[in-house]
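Novice: To start, I am sharing the structure in question, which I have written as structure tokens.
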Amino acid sequence: SNINDAPEFSKELQNTINITENTLYITDINITDIDSNETNLTISGEDKELFIIKQNNLLYFKQSPDFEYPKDFNLDNLYQIIIIADDGY
């Protein structure tokens with residue numbers, strides 16, 4: 001049929017990712033689109049301003065986190081974001 005299929009994450013992103021303090025890189029985001037459409041990734045959630053998705057869909061902190069001085073929304077060192085994949089259709 002001529003119906004567009006939504007892009008899918010090719011590996012499930014974990015609900016919780018533990019990283020070492022003072023680290024920028026978090027994880028790679030693997031997505032597939034069987035329609036071969038270009039897919040855009042965006043970040044939403046309370047702490048979205050603290051993150052960036054760089055080239056090749058790599059998720060990074062904009063500034064490395066410091067356990068003693070958390071910068072997340074409620075200052076508990078638990079950063080909450082949602083990754084959204086959209087192919088524009």
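Chain identifiers are assigned as A, B, and so on, following the order in which chains appear in the structure tokens; residues are numbered from 1 within each chain, and ligands are numbered from 1 in order of appearance.
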So that I can check the surroundings of Lys62 in chain A, please list as a PDB file with N, CA, C and O atoms, in the first residue's frame every protein, DNA and RNA residue that reaches within 8 Å of it, counting only C-alpha atoms and ignoring chain neighbours fewer than 4 positions away.
Specialist:
ATOM      1  N   LEU A  24      30.294  13.680  28.751  1.00  0.00           N
ATOM      2  CA  LEU A  24      29.373  14.338  27.825  1.00  0.00           C
ATOM      3  C   LEU A  24      28.562  13.334  27.009  1.00  0.00           C
ATOM      4  O   LEU A  24      27.355  13.464  26.864  1.00  0.00           O
ATOM      5  N   LEU A  50      19.263  20.643  28.461  1.00  0.00           N
ATOM      6  CA  LEU A  50      20.600  20.231  28.894  1.00  0.00           C
ATOM      7  C   LEU A  50      21.264  19.257  27.926  1.00  0.00           C
ATOM      8  O   LEU A  50      22.409  18.856  28.124  1.00  0.00           O
ATOM      9  N   PHE A  51      20.541  18.869  26.856  1.00  0.00           N
ATOM     10  CA  PHE A  51      21.003  17.826  25.946  1.00  0.00           C
ATOM     11  C   PHE A  51      21.049  18.313  24.513  1.00  0.00           C
ATOM     12  O   PHE A  51      20.376  19.260  24.138  1.00  0.00           O
ATOM     13  N   ILE A  52      21.819  17.583  23.713  1.00  0.00           N
ATOM     14  CA  ILE A  52      21.899  17.861  22.281  1.00  0.00           C
ATOM     15  C   ILE A  52      22.074  16.525  21.552  1.00  0.00           C
ATOM     16  O   ILE A  52      22.724  15.613  22.063  1.00  0.00           O
TER      17      ILE A  52
END
Novice: Can you pull out every residue from chain A that DSSP, working from the backbone, puts in strand (DSSP E), and format the result as a list in words?
Specialist: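 Answer for chain A restricted to strand (DSSP E) is Glu8, Phe9, Tyr25, Ile26, Thr27, Asp28, Ile31, Thr32, Asn40, Leu41, Thr42, Ile43, Ser44, Phe51, Ile52, Ile53, Lys54, Leu58, Leu59, Tyr60, Phe61, Ile82, Ile83, Ile84, Ala85 and Asp86 of chain A.
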Novice: Would you mind exporting the chosen residues as a compact mmCIF listing (two decimals), in the first residue's frame, restricted to N, CA, C and O atoms?
Specialist:
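Produced file again.txt, reproduced below:
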# COMPACT_ATOMS: atom_id res chain seq x y z
N GLU A 8 11.16 3.80 13.41
CA GLU A 8 11.23 3.02 14.65
C GLU A 8 12.65 3.04 15.19
O GLU A 8 13.62 3.10 14.44
N PHE A 9 12.76 2.97 16.50
CA PHE A 9 14.06 2.83 17.13
C PHE A 9 14.51 1.40 16.91
O PHE A 9 13.79 0.46 17.24
N TYR A 25 29.22 12.32 26.44
CA TYR A 25 28.54 11.35 25.59
C TYR A 25 27.63 10.46 26.43
O TYR A 25 28.03 9.98 27.50
N ILE A 26 26.41 10.21 25.92
CA ILE A 26 25.46 9.37 26.64
C ILE A 26 25.20 8.07 25.89
O ILE A 26 25.44 6.99 26.41
N THR A 27 24.69 8.15 24.65
CA THR A 27 24.39 6.94 23.88
C THR A 27 24.16 7.31 22.42
O THR A 27 23.98 8.47 22.09
N ASP A 28 24.18 6.29 21.57
CA ASP A 28 23.80 6.49 20.18
C ASP A 28 22.33 6.12 20.04
O ASP A 28 21.82 5.26 20.75
N ILE A 31 17.83 4.51 14.58
CA ILE A 31 16.46 4.51 14.07
C ILE A 31 16.45 3.96 12.65
O ILE A 31 17.44 4.05 11.94
N THR A 32 15.32 3.37 12.28
CA THR A 32 15.14 2.89 10.92
C THR A 32 13.79 3.39 10.40
O THR A 32 12.85 3.59 11.17
N ASN A 40 14.08 13.02 11.44
CA ASN A 40 14.59 14.04 12.35
C ASN A 40 14.34 13.62 13.79
O ASN A 40 13.26 13.13 14.12
N LEU A 41 15.33 13.82 14.63
CA LEU A 41 15.20 13.52 16.05
C LEU A 41 15.09 14.82 16.83
O LEU A 41 15.80 15.78 16.55
N THR A 42 14.20 14.84 17.80
CA THR A 42 14.08 15.98 18.71
C THR A 42 14.04 15.47 20.14
O THR A 42 13.75 14.30 20.40
N ILE A 43 14.33 16.38 21.05
CA ILE A 43 14.34 16.06 22.47
C ILE A 43 13.24 16.87 23.14
O ILE A 43 13.13 18.07 22.93
N SER A 44 12.45 16.20 23.98
CA SER A 44 11.47 16.91 24.80
C SER A 44 11.64 16.44 26.24
O SER A 44 12.46 15.59 26.53
N PHE A 51 20.54 18.87 26.86
CA PHE A 51 21.00 17.83 25.95
C PHE A 51 21.05 18.31 24.51
O PHE A 51 20.38 19.26 24.14
N ILE A 52 21.82 17.58 23.71
CA ILE A 52 21.90 17.86 22.28
C ILE A 52 22.07 16.53 21.55
O ILE A 52 22.72 15.61 22.06
N ILE A 53 21.48 16.43 20.37
CA ILE A 53 21.71 15.29 19.50
C ILE A 53 22.65 15.77 18.40
O ILE A 53 22.33 16.68 17.65
N LYS A 54 23.82 15.16 18.35
CA LYS A 54 24.84 15.57 17.38
C LYS A 54 24.77 14.69 16.14
O LYS A 54 23.95 13.78 16.04
N LEU A 58 23.98 10.94 17.85
CA LEU A 58 24.62 10.69 19.14
C LEU A 58 24.07 11.68 20.17
O LEU A 58 24.05 12.88 19.94
N LEU A 59 23.64 11.15 21.31
CA LEU A 59 23.08 11.96 22.38
C LEU A 59 24.16 12.37 23.36
O LEU A 59 24.92 11.53 23.85
N TYR A 60 24.23 13.68 23.62
CA TYR A 60 25.23 14.25 24.53
C TYR A 60 24.59 15.21 25.51
O TYR A 60 23.56 15.82 25.22
N PHE A 61 25.23 15.36 26.67
CA PHE A 61 24.96 16.51 27.52
C PHE A 61 25.60 17.73 26.86
O PHE A 61 26.68 17.61 26.28
N ILE A 82 12.69 12.84 26.58
CA ILE A 82 12.02 11.94 25.64
C ILE A 82 12.62 12.22 24.26
O ILE A 82 12.74 13.38 23.86
N ILE A 83 13.01 11.17 23.56
CA ILE A 83 13.53 11.30 22.20
C ILE A 83 12.39 11.01 21.23
O ILE A 83 11.73 9.96 21.33
N ILE A 84 12.16 11.91 20.29
CA ILE A 84 11.08 11.77 19.31
C ILE A 84 11.69 11.65 17.91
O ILE A 84 12.52 12.47 17.52
N ALA A 85 11.27 10.60 17.18
CA ALA A 85 11.71 10.40 15.80
C ALA A 85 10.54 10.73 14.87
O ALA A 85 9.43 10.22 15.05
N ASP A 86 10.78 11.61 13.87
CA ASP A 86 9.72 12.04 12.97
C ASP A 86 10.26 12.06 11.54
O ASP A 86 11.31 12.63 11.28
Novice: Nearest to Asn77 in chain A among A:Asp35, A:Gln55, A:Thr20, A:Asn30, with distances taken over only C-alpha atoms: which residue is it?
Specialist: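 Nearest candidate to Asn77 in chain A out of A:Asp35, A:Gln55, A:Thr20, A:Asn30: A:Thr20.
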Novice: Point out the residue among A:Asn4, A:Leu78, A:Ser36, A:Asn22 with the least atom-to-atom distance to Gln63 in chain A, counting only C-alpha atoms.
Specialist: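 Nearest candidate to Gln63 in chain A out of A:Asn4, A:Leu78, A:Ser36, A:Asn22: A:Asn22.
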Novice: Give me, as a PyMOL selection string, all polymer residues having an atom no more than 9 Å from Asp87 in chain A, counting only C-alpha atoms and skipping those fewer than 2 positions away in the same chain.
Specialist: chain A and resi 6-7+33+37-41+85+89
Novice: Generate a file of the selected residues that holds C-alpha atoms, formatted as a compact mmCIF listing (two decimals), in the first residue's frame.
Specialist:
# COMPACT_ATOMS: atom_id res chain seq x y z
CA ALA A 6 6.57 5.72 11.14
CA PRO A 7 10.29 5.47 11.92
CA ASP A 33 12.48 3.99 8.46
CA ASN A 37 12.45 8.88 4.54
CA GLU A 38 14.84 11.29 6.21
CA THR A 39 14.18 11.15 9.94
CA ASN A 40 14.59 14.04 12.35
CA LEU A 41 15.20 13.52 16.05
CA ALA A 85 11.71 10.40 15.80
CA TYR A 89 4.78 12.27 7.06
Novice: Based on the backbone DSSP call, show me all residues of range 13-61 of chain A assigned helix (DSSP H, G or I), as number ranges by chain.
Specialist: A: 48-50, 55-57
Novice: Please, could you write that set of residues out with C-alpha atoms as a short mmCIF file (atom, residue, chain, number, x, y, z; two decimals), in the first residue's frame?
Specialist:
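Writing the result to part_9.cif gives the following:
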data_model
loop_
_atom_site.label_atom_id
_atom_site.label_comp_id
_atom_site.auth_asym_id
_atom_site.auth_seq_id
_atom_site.Cartn_x
_atom_site.Cartn_y
_atom_site.Cartn_z
CA LYS A 48 15.62 18.87 27.30
CA GLU A 49 17.65 22.10 27.35
CA LEU A 50 20.60 20.23 28.89
CA GLN A 55 25.78 14.21 13.97
CA ASN A 56 25.10 10.49 13.48
CA ASN A 57 22.33 10.61 16.13
#
